[in-house]
file model.txt (compact mmCIF, C-alpha atoms)
# COMPACT_ATOMS: atom_id res chain seq x y z
CA MET A 1 46.88 81.72 106.38
CA PHE A 2 47.92 80.88 102.81
CA ASN A 3 46.34 79.78 99.53
CA LYS A 4 45.10 76.20 99.99
CA GLU A 5 44.73 75.69 96.24
CA MET A 6 48.41 76.48 95.75
CA GLN A 7 49.32 74.20 98.65
CA THR A 8 47.41 71.37 96.99
CA LEU A 9 49.21 71.96 93.70
CA GLY A 10 52.53 71.90 95.51
CA GLU A 11 51.72 68.68 97.38
CA GLU A 12 50.24 66.93 94.35
CA ARG A 13 53.38 67.17 92.26
CA SER A 14 53.36 66.08 88.65
CA VAL A 15 53.73 62.32 88.21
CA ILE A 16 56.58 63.02 85.79
CA ARG A 17 58.51 65.08 88.33
CA GLU A 18 57.83 62.56 91.09
CA LEU A 19 59.34 59.78 88.98
CA PHE A 20 62.31 61.98 88.11
CA GLU A 21 62.98 62.66 91.82
CA TYR A 22 62.53 58.97 92.62
CA GLY A 23 65.07 58.16 89.90
CA ALA A 24 67.56 60.65 91.33
CA ARG A 25 67.30 58.93 94.72
CA ARG A 26 67.72 55.46 93.22
CA LYS A 27 70.79 56.58 91.26
CA ARG A 28 72.40 57.73 94.51
CA GLU A 29 71.52 54.42 96.17
CA ILE A 30 72.50 51.88 93.50
CA GLY A 31 74.44 53.85 90.89
CA ALA A 32 73.20 55.82 87.88
CA GLU A 33 74.15 53.03 85.48
CA ASN A 34 71.61 50.72 87.13
CA VAL A 35 68.59 53.04 86.82
CA PHE A 36 66.76 53.50 83.50
CA ASP A 37 65.02 56.82 83.86
CA PHE A 38 62.62 57.54 80.98
CA SER A 39 60.50 60.02 82.93
CA LEU A 40 61.49 63.55 81.95
CA GLY A 41 61.58 65.09 78.47
CA ASN A 42 65.03 66.51 79.14
CA PRO A 43 67.03 67.02 75.89
CA GLY A 44 69.96 64.62 75.76
CA VAL A 45 72.13 66.26 73.10
CA PRO A 46 74.30 69.39 73.39
CA ALA A 47 73.17 72.78 72.12
CA PRO A 48 74.53 73.62 68.64
CA ALA A 49 77.82 75.48 68.43
CA CYS A 50 76.11 78.74 67.44
CA VAL A 51 74.70 79.10 70.97
CA GLU A 52 78.06 78.89 72.75
CA GLU A 53 79.78 80.97 70.09
CA GLU A 54 77.26 83.79 70.40
CA ILE A 55 77.31 83.75 74.21
CA LEU A 56 81.11 83.95 74.23
CA ARG A 57 81.05 86.76 71.66
CA LEU A 58 78.54 88.69 73.74
CA LEU A 59 80.53 88.20 76.95
CA ARG A 60 83.67 89.46 75.26
CA GLU A 61 82.23 92.35 73.24
CA VAL A 62 79.20 93.70 75.14
CA PRO A 63 79.63 95.52 78.47
CA GLY A 64 78.28 93.43 81.33
CA GLN A 65 75.60 95.78 82.65
CA VAL A 66 74.12 96.25 79.18
CA LEU A 67 74.29 92.53 78.45
CA HIS A 68 72.59 91.48 81.67
CA GLY A 69 70.26 94.44 82.17
CA TYR A 70 66.49 94.55 81.76
CA THR A 71 65.02 94.51 78.28
CA SER A 72 61.62 95.95 77.39
CA ALA A 73 58.78 93.88 78.85
CA PRO A 74 58.01 91.90 75.65
CA GLY A 75 61.70 91.50 74.84
CA LEU A 76 64.43 93.17 72.82
CA TYR A 77 63.02 94.70 69.66
CA GLU A 78 65.87 93.39 67.50
CA VAL A 79 65.25 89.85 68.79
CA ARG A 80 61.52 90.10 68.17
CA LYS A 81 62.26 91.38 64.66
CA ALA A 82 64.60 88.43 64.06
CA VAL A 83 61.86 86.03 65.15
CA ALA A 84 59.27 87.72 62.92
CA ASP A 85 61.66 87.70 59.95
CA ASP A 86 62.46 84.02 60.54
CA LEU A 87 58.77 83.06 60.64
CA LYS A 88 58.15 85.00 57.45
CA SER A 89 61.17 83.48 55.70
CA ARG A 90 60.47 79.87 56.67
CA PHE A 91 56.68 79.77 56.69
CA GLY A 92 55.47 82.88 54.89
CA ALA A 93 54.04 84.00 58.23
CA ASP A 94 52.14 87.27 58.39
CA THR A 95 53.57 88.63 61.61
CA ASP A 96 55.33 91.68 62.97
CA PRO A 97 57.94 92.39 65.68
CA ASP A 98 55.30 94.31 67.62
CA LEU A 99 53.22 91.10 67.81
CA VAL A 100 56.01 88.89 69.16
CA TYR A 101 56.45 88.46 72.92
CA MET A 102 59.61 86.77 74.23
CA THR A 103 58.84 84.36 77.06
CA CYS A 104 60.36 81.98 79.58
CA GLY A 105 59.63 78.98 77.33
CA ALA A 106 56.42 77.53 75.90
CA SER A 107 54.87 77.03 79.35
CA ALA A 108 55.10 80.76 80.00
CA SER A 109 53.73 81.41 76.51
CA LEU A 110 50.74 79.19 77.26
CA THR A 111 50.13 80.70 80.68
CA VAL A 112 50.29 84.25 79.33
CA ALA A 113 48.08 83.43 76.33
CA LEU A 114 45.43 81.74 78.47
CA CYS A 115 45.34 84.59 80.98
CA ALA A 116 45.05 87.07 78.10
CA LEU A 117 42.13 85.19 76.52
CA CYS A 118 40.09 83.72 79.36
CA ASN A 119 37.42 85.27 81.50
CA ALA A 120 36.17 83.33 84.51
CA GLY A 121 34.31 80.21 83.39
CA ASP A 122 35.52 80.24 79.78
CA GLU A 123 36.28 76.80 78.34
CA VAL A 124 39.50 75.67 76.68
CA ILE A 125 39.50 72.42 74.73
CA VAL A 126 42.43 70.00 74.83
CA ILE A 127 42.75 66.86 72.72
CA ALA A 128 43.67 63.74 74.69
CA PRO A 129 46.32 62.64 75.24
CA PHE A 130 47.71 66.03 76.26
CA PHE A 131 50.53 67.50 78.35
CA PRO A 132 49.17 67.34 81.93
CA GLU A 133 50.13 70.91 82.83
CA TYR A 134 47.58 72.22 80.30
CA ARG A 135 44.91 71.63 82.92
CA VAL A 136 46.89 73.52 85.57
CA PHE A 137 47.50 76.46 83.23
CA ILE A 138 43.86 76.64 82.09
CA GLU A 139 42.43 76.49 85.59
CA GLY A 140 45.00 79.02 86.77
CA ALA A 141 43.64 81.43 84.14
CA GLY A 142 40.11 80.98 85.52
CA GLY A 143 39.07 78.66 82.69
CA LYS A 144 37.61 75.19 82.50
CA CYS A 145 39.59 72.40 80.84
CA VAL A 146 37.40 70.42 78.42
CA VAL A 147 38.96 67.13 77.30
CA VAL A 148 38.10 65.78 73.84
CA PRO A 149 39.21 62.24 72.96
CA SER A 150 41.31 61.71 69.87
CA GLY A 151 40.36 59.27 67.14
CA LYS A 152 42.07 56.18 65.76
CA GLY A 153 45.83 56.30 66.03
CA PHE A 154 45.50 59.30 68.40
CA ARG A 155 44.66 61.58 65.49
CA PRO A 156 42.15 64.48 65.78
CA ASP A 157 38.49 63.48 65.87
CA LEU A 158 36.79 66.44 64.18
CA SER A 159 33.27 65.32 65.10
CA ALA A 160 34.20 65.05 68.77
CA LEU A 161 35.89 68.45 68.61
CA GLU A 162 32.88 70.12 67.02
CA GLY A 163 30.53 68.50 69.51
CA ALA A 164 32.56 69.85 72.43
CA ILE A 165 32.38 73.50 71.40
CA THR A 166 29.90 75.60 73.37
CA ALA A 167 29.07 79.26 73.78
CA ARG A 168 31.78 79.41 76.48
CA THR A 169 34.58 77.93 74.35
CA LYS A 170 37.41 80.45 74.14
CA ALA A 171 40.23 78.38 72.64
CA VAL A 172 41.48 75.00 71.49
CA ILE A 173 45.05 73.81 72.15
CA VAL A 174 46.82 71.72 69.51
CA ASN A 175 50.22 70.15 70.11
CA SER A 176 51.96 68.71 67.06
CA PRO A 177 54.35 66.91 67.20
CA ASN A 178 52.44 65.62 70.16
CA ASN A 179 53.59 64.98 73.70
CA PRO A 180 53.13 62.08 74.60
CA THR A 181 52.36 60.17 71.36
CA GLY A 182 54.78 61.68 68.83
CA VAL A 183 51.90 62.05 66.36
CA VAL A 184 52.36 64.81 63.75
CA TYR A 185 49.13 66.33 62.43
CA SER A 186 48.80 66.53 58.65
CA GLU A 187 47.77 69.57 56.61
CA GLU A 188 44.38 67.94 56.04
CA GLU A 189 43.88 67.51 59.80
CA ILE A 190 44.88 71.10 60.59
CA GLU A 191 42.60 72.35 57.81
CA GLY A 192 39.81 70.20 59.26
CA ILE A 193 40.29 71.74 62.70
CA ALA A 194 40.33 75.19 61.09
CA ARG A 195 36.99 74.50 59.33
CA VAL A 196 35.40 73.45 62.60
CA LEU A 197 36.60 76.60 64.35
CA ARG A 198 35.58 78.90 61.48
CA ARG A 199 32.04 77.50 61.62
CA ALA A 200 31.91 77.92 65.39
CA SER A 201 33.32 81.46 65.19
CA GLU A 202 30.82 82.51 62.53
CA ALA A 203 27.91 81.03 64.47
CA ARG A 204 28.72 82.95 67.65
CA GLY A 205 30.04 86.16 66.08
CA GLU A 206 33.43 86.07 67.81
CA PRO A 207 36.52 83.94 67.27
CA VAL A 208 37.43 80.69 68.90
CA TYR A 209 41.22 80.93 69.17
CA LEU A 210 43.67 78.18 68.32
CA LEU A 211 46.76 77.85 70.51
CA ALA A 212 49.53 76.04 68.62
CA ASP A 213 51.90 74.66 71.26
CA GLU A 214 55.05 73.90 69.24
CA PRO A 215 58.12 73.07 71.34
CA TYR A 216 58.80 70.02 69.12
CA ARG A 217 58.28 71.75 65.75
CA GLU A 218 61.70 70.81 64.33
CA LEU A 219 61.93 67.42 66.01
CA THR A 220 60.38 65.19 63.34
CA TYR A 221 61.25 62.04 61.38
CA GLY A 222 60.28 62.64 57.77
CA LYS A 223 57.04 64.58 58.35
CA THR A 224 56.85 68.38 58.43
CA PRO A 225 54.24 69.88 60.78
CA PRO A 226 52.02 72.45 59.02
CA PHE A 227 52.45 76.05 60.18
CA VAL A 228 49.05 76.46 61.81
CA PRO A 229 48.48 80.25 61.27
CA ASN A 230 48.61 79.62 57.52
CA PHE A 231 45.40 77.61 57.92
CA TYR A 232 43.61 79.60 60.64
CA LYS A 233 44.39 83.25 61.25
CA GLU A 234 43.15 83.33 64.86
CA THR A 235 46.15 81.23 65.91
CA LEU A 236 48.64 82.08 68.63
CA VAL A 237 51.99 80.32 68.14
CA LEU A 238 53.63 79.23 71.40
CA TYR A 239 57.23 78.22 70.87
CA SER A 240 60.20 77.14 72.94
CA PHE A 241 63.85 76.68 72.05
CA SER A 242 64.09 74.00 74.75
CA LYS A 243 64.05 71.07 72.34
CA SER A 244 65.30 72.47 69.04
CA LEU A 245 68.39 74.08 70.59
CA SER A 246 68.58 71.83 73.69
CA LEU A 247 68.08 74.80 76.02
CA ALA A 248 65.37 73.42 78.31
CA GLY A 249 66.92 74.75 81.51
CA GLU A 250 67.34 78.26 80.12
CA ARG A 251 63.57 78.78 79.70
CA ILE A 252 63.48 80.82 76.51
CA GLY A 253 60.76 80.97 73.87
CA TYR A 254 58.19 83.28 72.31
CA LEU A 255 54.53 83.93 71.63
CA SER A 256 53.51 85.19 68.18
CA VAL A 257 50.22 86.70 66.96
CA PRO A 258 49.51 86.94 63.18
CA LYS A 259 48.91 90.45 61.83
CA ASN A 260 45.64 89.35 60.21
CA CYS A 261 44.27 87.87 63.45
CA ALA A 262 41.06 89.65 64.46
CA GLY A 263 41.89 92.41 66.94
CA ALA A 264 45.60 91.55 66.82
CA LYS A 265 46.80 94.76 68.50
CA GLU A 266 44.22 94.56 71.27
CA LEU A 267 45.00 90.88 71.79
CA PHE A 268 48.70 91.65 72.05
CA ALA A 269 47.91 94.35 74.60
CA ALA A 270 46.06 91.70 76.62
CA ILE A 271 49.08 89.40 76.28
CA SER A 272 51.34 92.19 77.54
CA GLY A 273 48.94 92.82 80.42
CA ALA A 274 48.89 89.14 81.32
CA GLY A 275 52.69 89.06 81.25
CA ARG A 276 52.71 92.07 83.57
CA ARG A 277 50.26 90.52 86.04
CA LEU A 278 52.04 87.18 86.08
CA GLY A 279 55.52 88.68 86.26
CA PHE A 280 56.53 87.17 82.91
CA VAL A 281 58.27 90.28 81.62
CA CYS A 282 61.78 90.63 80.21
CA ALA A 283 62.69 87.03 79.32
CA PRO A 284 66.34 86.13 80.04
CA ALA A 285 68.32 88.84 78.26
CA LEU A 286 71.44 86.84 77.46
CA PHE A 287 69.49 84.01 75.87
CA GLN A 288 67.19 86.35 73.96
CA ARG A 289 70.31 87.58 72.20
CA ALA A 290 71.82 84.11 71.80
CA VAL A 291 68.80 82.45 70.19
CA SER A 292 68.29 85.35 67.78
CA VAL A 293 71.36 84.29 65.78
CA CYS A 294 70.43 80.58 65.88
CA LEU A 295 66.92 80.83 64.46
CA GLY A 296 66.10 77.95 62.14
CA ARG A 297 69.09 75.94 63.38
CA THR A 298 68.97 72.90 65.65
CA ALA A 299 71.02 70.62 67.83
CA ASP A 300 71.90 67.19 66.43
CA LEU A 301 68.35 65.87 66.49
CA GLY A 302 69.29 62.78 64.47
CA VAL A 303 70.33 61.15 67.74
CA TYR A 304 66.66 60.95 68.72
CA ARG A 305 65.76 59.12 65.51
CA GLU A 306 68.42 56.50 66.29
CA ASN A 307 67.10 56.15 69.85
CA ARG A 308 63.53 55.85 68.59
CA ASP A 309 64.40 53.14 66.09
CA LEU A 310 66.39 51.12 68.62
CA LEU A 311 63.79 51.30 71.40
CA TYR A 312 60.69 50.95 69.24
CA GLY A 313 62.11 47.95 67.36
CA ALA A 314 63.12 46.16 70.55
CA LEU A 315 59.84 46.75 72.39
CA VAL A 316 57.78 45.54 69.45
CA ARG A 317 59.90 42.37 69.32
CA PHE A 318 59.27 41.84 73.03
CA GLY A 319 55.52 42.03 72.38
CA TYR A 320 54.71 45.58 73.49
CA GLU A 321 52.13 47.56 71.50
CA CYS A 322 53.60 50.99 70.69
CA VAL A 323 52.52 54.08 68.78
CA SER A 324 55.12 54.69 66.06
CA PRO A 325 56.15 58.35 66.59
CA ASP A 326 56.73 60.73 63.68
CA GLY A 327 58.06 63.46 65.96
CA ALA A 328 59.06 64.55 69.48
CA PHE A 329 61.07 62.06 71.58
CA TYR A 330 58.47 59.89 73.31
CA LEU A 331 57.10 56.39 72.88
CA PHE A 332 53.49 55.86 73.92
CA VAL A 333 53.27 52.21 74.91
CA LYS A 334 50.13 50.25 75.76
CA SER A 335 50.24 48.77 79.24
CA PRO A 336 50.05 44.95 79.34
CA GLU A 337 47.41 45.39 82.05
CA PRO A 338 44.51 47.88 82.18
CA ASP A 339 45.96 49.80 85.12
CA ALA A 340 48.91 51.81 83.78
CA LYS A 341 49.86 52.98 87.28
CA ALA A 342 50.18 49.36 88.43
CA PHE A 343 52.29 48.60 85.36
CA SER A 344 54.52 51.60 86.09
CA GLU A 345 54.96 50.42 89.68
CA ARG A 346 55.86 46.91 88.53
CA ALA A 347 58.40 48.36 86.11
CA LYS A 348 60.22 49.95 89.05
CA LYS A 349 61.19 46.44 90.18
CA PHE A 350 63.42 46.37 87.10
CA GLU A 351 64.54 50.00 87.68
CA LEU A 352 62.50 51.14 84.67
CA LEU A 353 60.89 54.54 85.26
CA LEU A 354 57.88 54.90 82.95
CA VAL A 355 55.19 57.61 83.20
CA PRO A 356 51.60 56.26 83.47
CA SER A 357 49.21 57.90 81.03
CA ASP A 358 46.27 58.73 83.32
CA SER A 359 47.32 62.36 83.81
CA PHE A 360 47.61 62.70 80.01
CA GLY A 361 43.86 62.07 79.75
CA VAL A 362 44.11 58.53 78.35
CA PRO A 363 44.23 55.42 80.58
CA GLY A 364 46.15 52.24 79.87
CA TYR A 365 49.45 53.53 78.44
CA VAL A 366 52.87 54.67 79.62
CA ARG A 367 55.09 57.37 78.17
CA ILE A 368 58.77 56.61 77.61
CA SER A 369 61.11 59.57 77.02
CA TYR A 370 63.91 58.34 74.78
CA CYS A 371 65.90 61.60 74.84
CA VAL A 372 68.54 59.78 76.88
CA GLU A 373 72.01 58.50 76.16
CA ARG A 374 71.97 55.53 73.81
CA SER A 375 73.70 53.41 76.46
CA VAL A 376 70.69 53.86 78.77
CA ILE A 377 68.42 52.35 76.12
CA GLU A 378 70.85 49.55 75.31
CA HIS A 379 71.28 48.55 78.96
CA SER A 380 67.52 48.82 79.64
CA LEU A 381 66.44 46.34 76.97
CA PRO A 382 66.96 43.18 79.07
CA ALA A 383 64.84 44.78 81.80
CA PHE A 384 62.02 45.51 79.33
CA GLY A 385 62.23 41.89 78.17
CA LYS A 386 62.02 40.51 81.71
CA LEU A 387 59.11 42.82 82.51
CA MET A 388 57.09 41.49 79.58
CA GLU A 389 57.97 37.90 80.54
CA GLU A 390 56.25 38.46 83.88
CA TYR A 391 53.01 39.25 82.08
CA ARG A 392 53.33 36.24 79.79
CA LYS A 393 53.48 34.01 82.87
call {"tool": "encode", "arguments": {"input": "model.txt", "output": "structure tokens"}}
result
Amino acid sequence: MFNKEMQTLGEERSVIRELFEYGARRKREIGAENVFDFSLGNPGVPAPACVEEEILRLLREVPGQVLHGYTSAPGLYEVRKAVADDLKSRFGADTDPDLVYMTCGASASLTVALCALCNAGDEVIVIAPFFPEYRVFIEGAGGKCVVVPSGKGFRPDLSALEGAITARTKAVIVNSPNNPTGVVYSEEEIEGIARVLRRASEARGEPVYLLADEPYRELTYGKTPPFVPNFYKETLVLYSFSKSLSLAGERIGYLSVPKNCAGAKELFAAISGAGRRLGFVCAPALFQRAVSVCLGRTADLGVYRENRDLLYGALVRFGYECVSPDGAFYLFVKSPEPDAKAFSERAKKFELLLVPSDSFGVPGYVRISYCVERSVIEHSLPAFGKLMEEYRK
């Protein structure tokens, strides 16, 4: 009667979203100030002024039908040119407006890229811990998700990566700054990954692609993520303005292919075809225009550094073992007991909503999203202290 696989996906909702919905219910029941919801990576600072200013200018100066009408399938040419020029200016990127595809955020970029690349049974490697929806996107494209463990400190393990590559490997996804750990890969680590993929590509006579998932590119604390295509030309950049401009709910981003990528034009045609099949054509027209004048600018991301320092310092004092994040807005915290799901359930007793790490491909941790108001963190600290006291008993 209907697609059972889709029914299963709908019934087995993401753990993150389930916690978020649970938190919404609890806030209605006992008051929002009494619930400490660290589940969703929802930006907690306003968009920069340039976004509102450009939207208001457009609404005043551009006729409504033109402003809100369809764009070309891959997006407005002038917006794609602005993106290409920005990448060239900031990173020396070798790209072109005709190789930029505007999308409904990084998730749409990933979905389109995977459908463009994968034939049935192709393998896509992810490095654990990883954003859980990677598996959904890969399998939806007919591929197989191959999980490779990270090394010490959740950094890339090049030997494990090389050992996982087979004749069916089509792509590797890298996510730096990383969700959920906040780890930022160094130039040496990206160059190491590039060497592994160049060897594999040469051995099989066709490229293994690198998908650089970069929604947190600008959200760092003293470390600058390398621009991956400068190290490996068969790299597709998947970007979202959700975090940098605090526009998560507007679903706007882009996919970029380097000009010197092997078969770049044919690959972009496949990307356009995948967008057509999936219905990801003509990203939101108003926000295409708005972000084009805000390229390279950000919301007040310093708030996240303050939240990180407050929460990390307090949890370490309480006795929690935490990964110190260099980017993004998550703390990856080791569970005081082996079962992270049990720990997450116990935390609910103190109205702390923490995401267990199992779906991220690594057991025994929880993810804490600190992109919340500072008051939420301040008021949650006694609850974190009491939770740890239970384990000390």
call {"tool": "atom_distance", "arguments": {"input": "model.txt", "atom1": "atom CA of A:Gly151", "atom2": "atom CA of A:Thr235"}}
result
22.7 Å
call {"tool": "residues_around", "arguments": {"input": "model.txt", "residues": "A:Gln65", "least_positions_apart": "6", "cutoff": "12 Å", "atoms": "only C-alpha atoms", "output": "MDAnalysis selection string"}}
result
chainID A and resid 58:59 71 285:286
call {"tool": "closest_residue", "arguments": {"input": "model.txt", "among": "A:Phe154, A:Tyr77, A:Phe360, A:Phe268", "to": "A:Gln288", "atoms": "only C-alpha atoms"}}
result
A:Tyr77
call {"tool": "closest_residue", "arguments": {"input": "model.txt", "among": "A:Gly385, A:Pro325, A:Gly364, A:Gly44", "to": "A:Phe350", "atoms": "only C-alpha atoms"}}
result
A:Gly385
call {"tool": "residues_around", "arguments": {"input": "model.txt", "residues": "A:Arg308", "least_positions_apart": "5", "cutoff": "9 Å", "atoms": "only C-alpha atoms", "output": "list of chain:residue names"}}
result
A:Val303, A:Gly313, A:Ser324, A:Pro325, A:Phe329, A:Tyr330, A:Leu331, A:Tyr370, A:Cys371
call {"tool": "atom_distance", "arguments": {"input": "model.txt", "atom1": "atom CA of A:Ala194", "atom2": "atom CA of A:Asp213"}}
result
15.4 Å
call {"tool": "residues_around", "arguments": {"input": "model.txt", "residues": "A:Ala82", "least_positions_apart": "6", "cutoff": "12 Å", "atoms": "all atoms listed in the file", "output": "PDB file with C-alpha atoms, in the frame of the given file"}}
result
ATOM      1  CA  GLY A  75      61.700  91.500  74.840  1.00  0.00           C
ATOM      2  CA  LEU A  76      64.430  93.170  72.820  1.00  0.00           C
ATOM      3  CA  LYS A  88      58.150  85.000  57.450  1.00  0.00           C
ATOM      4  CA  SER A  89      61.170  83.480  55.700  1.00  0.00           C
ATOM      5  CA  THR A  95      53.570  88.630  61.610  1.00  0.00           C
ATOM      6  CA  ASP A  96      55.330  91.680  62.970  1.00  0.00           C
ATOM      7  CA  PRO A  97      57.940  92.390  65.680  1.00  0.00           C
ATOM      8  CA  ASP A  98      55.300  94.310  67.620  1.00  0.00           C
ATOM      9  CA  VAL A 100      56.010  88.890  69.160  1.00  0.00           C
ATOM     10  CA  MET A 102      59.610  86.770  74.230  1.00  0.00           C
ATOM     11  CA  TYR A 254      58.190  83.280  72.310  1.00  0.00           C
ATOM     12  CA  GLN A 288      67.190  86.350  73.960  1.00  0.00           C
ATOM     13  CA  ARG A 289      70.310  87.580  72.200  1.00  0.00           C
ATOM     14  CA  ALA A 290      71.820  84.110  71.800  1.00  0.00           C
ATOM     15  CA  VAL A 291      68.800  82.450  70.190  1.00  0.00           C
ATOM     16  CA  SER A 292      68.290  85.350  67.780  1.00  0.00           C
ATOM     17  CA  VAL A 293      71.360  84.290  65.780  1.00  0.00           C
ATOM     18  CA  CYS A 294      70.430  80.580  65.880  1.00  0.00           C
ATOM     19  CA  LEU A 295      66.920  80.830  64.460  1.00  0.00           C
ATOM     20  CA  GLY A 296      66.100  77.950  62.140  1.00  0.00           C
TER      21      GLY A 296
END
call {"tool": "atom_distance", "arguments": {"input": "model.txt", "atom1": "atom CA of A:Cys145", "atom2": "atom CA of A:Tyr209"}}
result
14.5 Å
call {"tool": "residues_near_point", "arguments": {"input": "model.txt", "point": "(57.4, 50.5, 68.1)", "cutoff": "9 Å", "atoms": "all atoms listed in the file", "output": "list in words"}}
result
Arg308, Asp309, Leu311, Tyr312, Gly313, Ala314, Leu315, Val316, Arg317, Tyr320, Glu321, Cys322, Val323, Ser324, Pro325, Leu331, Phe332 and Val333 of chain A
call {"tool": "closest_residue", "arguments": {"input": "model.txt", "among": "A:Leu352, A:Leu236, A:Val228, A:Ala283", "to": "A:Gly92", "atoms": "all atoms listed in the file"}}
result
A:Val228
